[in-house]
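One file, protein-v4.tsv, carrying TSV, C-alpha atoms:
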```
chain	number	residue	atom	x	y	z
A	1	MET	CA	113.37	71.17	126.16
A	2	THR	CA	114.27	74.62	124.88
A	3	ARG	CA	111.91	77.46	125.61
A	4	ARG	CA	111.24	79.82	122.71
A	5	ALA	CA	111.76	83.56	123.02
A	6	PRO	CA	108.56	85.54	123.61
A	7	ARG	CA	107.08	86.94	120.41
A	8	VAL	CA	106.49	90.70	120.58
A	9	LEU	CA	104.70	92.89	118.07
A	10	ALA	CA	105.82	96.52	118.42
A	11	ILE	CA	103.51	98.65	116.27
A	12	SER	CA	102.84	102.34	115.73
A	13	SER	CA	102.32	105.03	113.16
A	14	ARG	CA	105.35	106.87	111.83
A	15	GLY	CA	106.67	110.11	113.30
A	16	GLY	CA	106.64	110.73	117.04
A	17	HIS	CA	104.77	107.51	117.78
A	18	TRP	CA	107.51	105.53	116.02
A	19	THR	CA	110.32	107.47	117.70
A	20	GLN	CA	108.89	106.68	121.13
A	21	LEU	CA	108.34	103.02	120.28
A	22	ARG	CA	111.91	102.64	119.04
A	23	ARG	CA	113.18	104.06	122.33
A	24	LEU	CA	111.73	100.96	124.00
A	25	ARG	CA	113.91	98.66	121.88
A	26	ARG	CA	116.14	97.58	124.77
A	27	ALA	CA	113.06	96.31	126.61
A	28	PHE	CA	112.58	93.77	123.83
A	29	GLU	CA	116.09	92.29	124.01
A	30	GLY	CA	115.88	88.50	124.06
A	31	CYS	CA	112.47	88.58	122.40
A	32	ASP	CA	111.47	87.56	118.90
A	33	THR	CA	110.35	91.07	117.91
A	34	THR	CA	108.41	92.11	114.85
A	35	TRP	CA	108.19	95.86	114.26
A	36	ALA	CA	105.35	97.35	112.24
A	37	SER	CA	104.68	100.87	111.06
A	38	THR	CA	103.12	102.96	108.34
A	39	ASP	CA	106.38	103.87	106.58
A	40	ALA	CA	108.31	101.08	104.85
A	41	GLY	CA	111.48	103.19	104.98
A	42	LEU	CA	111.67	102.68	108.75
A	43	ALA	CA	112.72	99.04	108.38
A	44	LYS	CA	116.41	100.00	108.41
A	45	GLU	CA	115.99	101.57	111.88
A	46	VAL	CA	115.16	98.22	113.50
A	47	ALA	CA	117.31	95.88	111.39
A	48	PRO	CA	118.09	93.03	111.80
A	49	ASP	CA	114.67	92.57	113.48
A	50	ARG	CA	111.69	91.85	111.25
A	51	PHE	CA	109.71	94.83	109.98
A	52	VAL	CA	106.24	94.82	108.44
A	53	PHE	CA	104.62	97.72	106.63
A	54	VAL	CA	100.98	98.43	107.48
A	55	PRO	CA	98.97	100.99	105.52
A	56	ASP	CA	98.20	104.28	107.23
A	57	ALA	CA	94.62	105.44	107.58
A	58	SER	CA	92.45	107.86	109.47
A	59	ARG	CA	88.84	107.90	110.55
A	60	TRP	CA	88.09	110.31	107.72
A	61	ASP	CA	88.96	107.85	104.95
A	62	ARG	CA	86.82	104.78	105.57
A	63	VAL	CA	88.12	102.71	102.64
A	64	LYS	CA	91.77	103.12	103.68
A	65	LEU	CA	90.79	102.52	107.30
A	66	VAL	CA	89.13	99.20	106.46
A	67	TRP	CA	92.17	98.14	104.42
A	68	SER	CA	94.51	99.07	107.28
A	69	ILE	CA	92.35	97.16	109.78
A	70	LEU	CA	92.41	94.03	107.61
A	71	CYS	CA	96.20	94.26	107.20
A	72	VAL	CA	96.70	94.62	110.96
A	73	LEU	CA	94.33	91.70	111.62
A	74	TRP	CA	96.27	89.50	109.19
A	75	LEU	CA	99.57	90.55	110.80
A	76	VAL	CA	98.39	89.66	114.32
A	77	VAL	CA	96.90	86.33	113.22
A	78	ARG	CA	100.03	85.42	111.24
A	79	ILE	CA	102.55	86.35	113.95
A	80	ARG	CA	100.49	85.25	116.98
A	81	PRO	CA	102.47	87.47	119.35
A	82	ASP	CA	102.68	86.83	123.07
A	83	ALA	CA	102.68	90.60	123.64
A	84	ILE	CA	101.72	93.67	121.65
A	85	VAL	CA	103.15	97.10	122.49
A	86	SER	CA	101.99	100.31	120.84
A	87	THR	CA	102.56	104.02	121.26
A	88	GLY	CA	99.77	104.91	118.84
A	89	ALA	CA	97.77	105.59	116.73
A	90	ALA	CA	95.20	103.68	114.61
A	91	PRO	CA	97.32	100.63	113.61
A	92	GLY	CA	98.40	100.12	117.21
A	93	PHE	CA	94.88	100.48	118.50
A	94	PHE	CA	93.60	97.80	116.14
A	95	ALA	CA	96.55	95.51	116.88
A	96	LEU	CA	95.63	95.66	120.58
A	97	ARG	CA	92.02	94.85	119.78
A	98	PHE	CA	92.99	91.85	117.65
A	99	GLY	CA	95.64	90.73	120.11
A	100	ARG	CA	92.94	89.46	122.39
A	101	LEU	CA	91.93	86.98	119.67
A	102	VAL	CA	95.32	85.27	119.92
A	103	GLY	CA	95.72	85.63	123.69
A	104	ALA	CA	98.39	88.33	123.54
A	105	ARG	CA	99.10	90.60	126.50
A	106	THR	CA	98.74	94.21	125.40
A	107	LEU	CA	100.34	97.51	126.40
A	108	TRP	CA	99.34	100.95	125.19
A	109	LEU	CA	101.78	103.75	125.91
A	110	ASP	CA	100.12	107.05	125.11
A	111	SER	CA	102.17	109.55	123.18
A	112	PHE	CA	104.44	111.84	125.16
A	113	ALA	CA	103.05	114.71	123.07
A	114	ASN	CA	99.62	114.35	124.66
A	115	ALA	CA	100.29	116.44	127.75
A	116	GLU	CA	96.83	117.97	128.14
A	117	GLU	CA	94.66	114.91	127.61
A	118	LEU	CA	94.92	111.32	126.44
A	119	SER	CA	94.82	110.88	122.69
A	120	LEU	CA	91.59	109.63	121.11
A	121	SER	CA	93.32	106.31	120.40
A	122	GLY	CA	94.65	106.24	123.98
A	123	ARG	CA	91.19	106.77	125.45
A	124	LYS	CA	89.78	103.98	123.30
A	125	ALA	CA	92.78	101.65	123.80
A	126	SER	CA	92.63	101.95	127.59
A	127	ALA	CA	89.31	100.11	127.48
A	128	PHE	CA	90.92	97.11	125.75
A	129	ALA	CA	94.61	97.03	126.66
A	130	ASP	CA	95.85	94.92	129.55
A	131	LEU	CA	97.67	98.06	130.62
A	132	ALA	CA	97.44	101.64	129.33
A	133	LEU	CA	100.14	104.04	130.47
A	134	THR	CA	100.48	107.79	130.14
A	135	GLN	CA	103.66	109.82	130.41
A	136	TRP	CA	101.98	112.54	132.47
A	137	PRO	CA	101.00	112.09	136.16
A	138	HIS	CA	97.93	114.33	135.92
A	139	LEU	CA	96.46	112.19	133.11
A	140	GLY	CA	96.59	108.82	134.84
A	141	GLU	CA	96.02	107.10	138.13
A	142	ALA	CA	98.99	105.85	140.10
A	143	LEU	CA	99.89	102.28	139.23
A	144	PRO	CA	99.67	100.24	142.46
A	145	ALA	CA	103.06	99.28	143.87
A	146	GLN	CA	101.75	96.00	145.28
A	147	HIS	CA	101.16	93.24	142.77
A	148	THR	CA	98.40	91.23	144.36
A	149	THR	CA	95.76	89.80	142.08
A	150	GLN	CA	93.10	92.20	143.28
A	151	GLN	CA	95.29	95.30	142.88
A	152	ARG	CA	96.54	94.29	139.46
A	153	ARG	CA	93.05	94.05	138.06
A	154	ARG	CA	92.78	96.65	135.35
A	155	VAL	CA	89.90	99.04	135.57
A	156	LYS	CA	88.37	99.30	132.12
A	157	GLY	CA	88.88	102.64	130.44
A	158	ARG	CA	91.58	103.95	132.81
A	159	ALA	CA	95.11	104.96	132.04
A	160	TYR	CA	97.85	104.70	134.64
A	161	TYR	CA	100.97	106.64	135.40
A	162	ALA	CA	104.03	104.69	136.51
A	163	GLY	CA	106.73	107.31	135.97
A	164	ALA	CA	108.34	108.49	132.77
A	165	VAL	CA	108.60	105.49	130.48
A	166	VAL	CA	110.18	107.11	127.43
```
Could the structure of this file be written out as structure tokens, please?
Amino acid sequence: MTRRAPRVLAISSRGGHWTQLRRLRRAFEGCDTTWASTDAGLAKEVAPDRFVFVPDASRWDRVKLVWSILCVLWLVVRIRPDAIVSTGAAPGFFALRFGRLVGARTLWLDSFANAEELSLSGRKASAFADLALTQWPHLGEALPAQHTTQQRRRVKGRAYYAGAVV
């Protein structure tokens, strides 16, 4: 019996979030990866992998935000990823939230640009993600080196630092 490749959804907004997410591409080698972002022109950057456009939105435009949320929900339900990885912002946050519906493991990697404090999305995502990481040691707790069940238990709402990821 042949085992299928893990399905990964890598999702972020365009700009710096996207640049950081793309830098993780080698980590997804051997996976069935679907990339998603808020700029359809980015598809060429991850070809031949699949790319899905999701509409951009902010908390100040409720109608666009609802549309974006529905599109991300449909994407997660349709793909049924085994893992969801995001570097931010709103589309990634909602993908992590919906990932739990399909049993996906979730990783939030807060933007490298947030050196003074976690982003708003990062603070919210850390409460839902299986693991939330920050790039800055003073913004997160040390990730335990031991991997026992008790030590691996995520503390809700906390971000961890495990060294420079990007």
(request) Could you give me, as a VMD selection string, the residues within 6 Å of Trp108 (chain A), counting all atoms listed in the file and dropping anything in the same chain fewer than 5 positions from it? (result) chain A and resid 86 to 87 132
(request) Between A:Gly15, A:Ala90, A:Leu9, A:Val66, single out the one closest to Asp49 (chain A), counting only C-alpha atoms. (result)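 Of A:Gly15, A:Ala90, A:Leu9, A:Val66, the one nearest Asp49 (chain A) is A:Leu9, counting only C-alpha atoms.
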(message) Let me make sure I understand: among A:Leu21, A:Ala47, A:Ile79, A:Ala159, which one has the smallest atom-to-atom distance to Lys124 (chain A) if we use all atoms listed in the file?
(response)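 Smallest separation from Lys124 (chain A) among the options: A:Ala159.
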(message) Just want the 10 Å neighbourhood of region 74-76 of chain A, counted on all atoms listed in the file, with same-chain residues fewer than 2 positions away dropped. Output as a VMD selection string.
(response) chain A and resid 9 34 36 52 to 54 68 to 72 78 to 81 84 94 to 102 104
(request) Would you please work out which residue, of A:Ala57, A:Ala43, A:Ala83, A:Leu107, is nearest to Arg7 (chain A) when using all atoms listed in the file? (result) A:Ala83
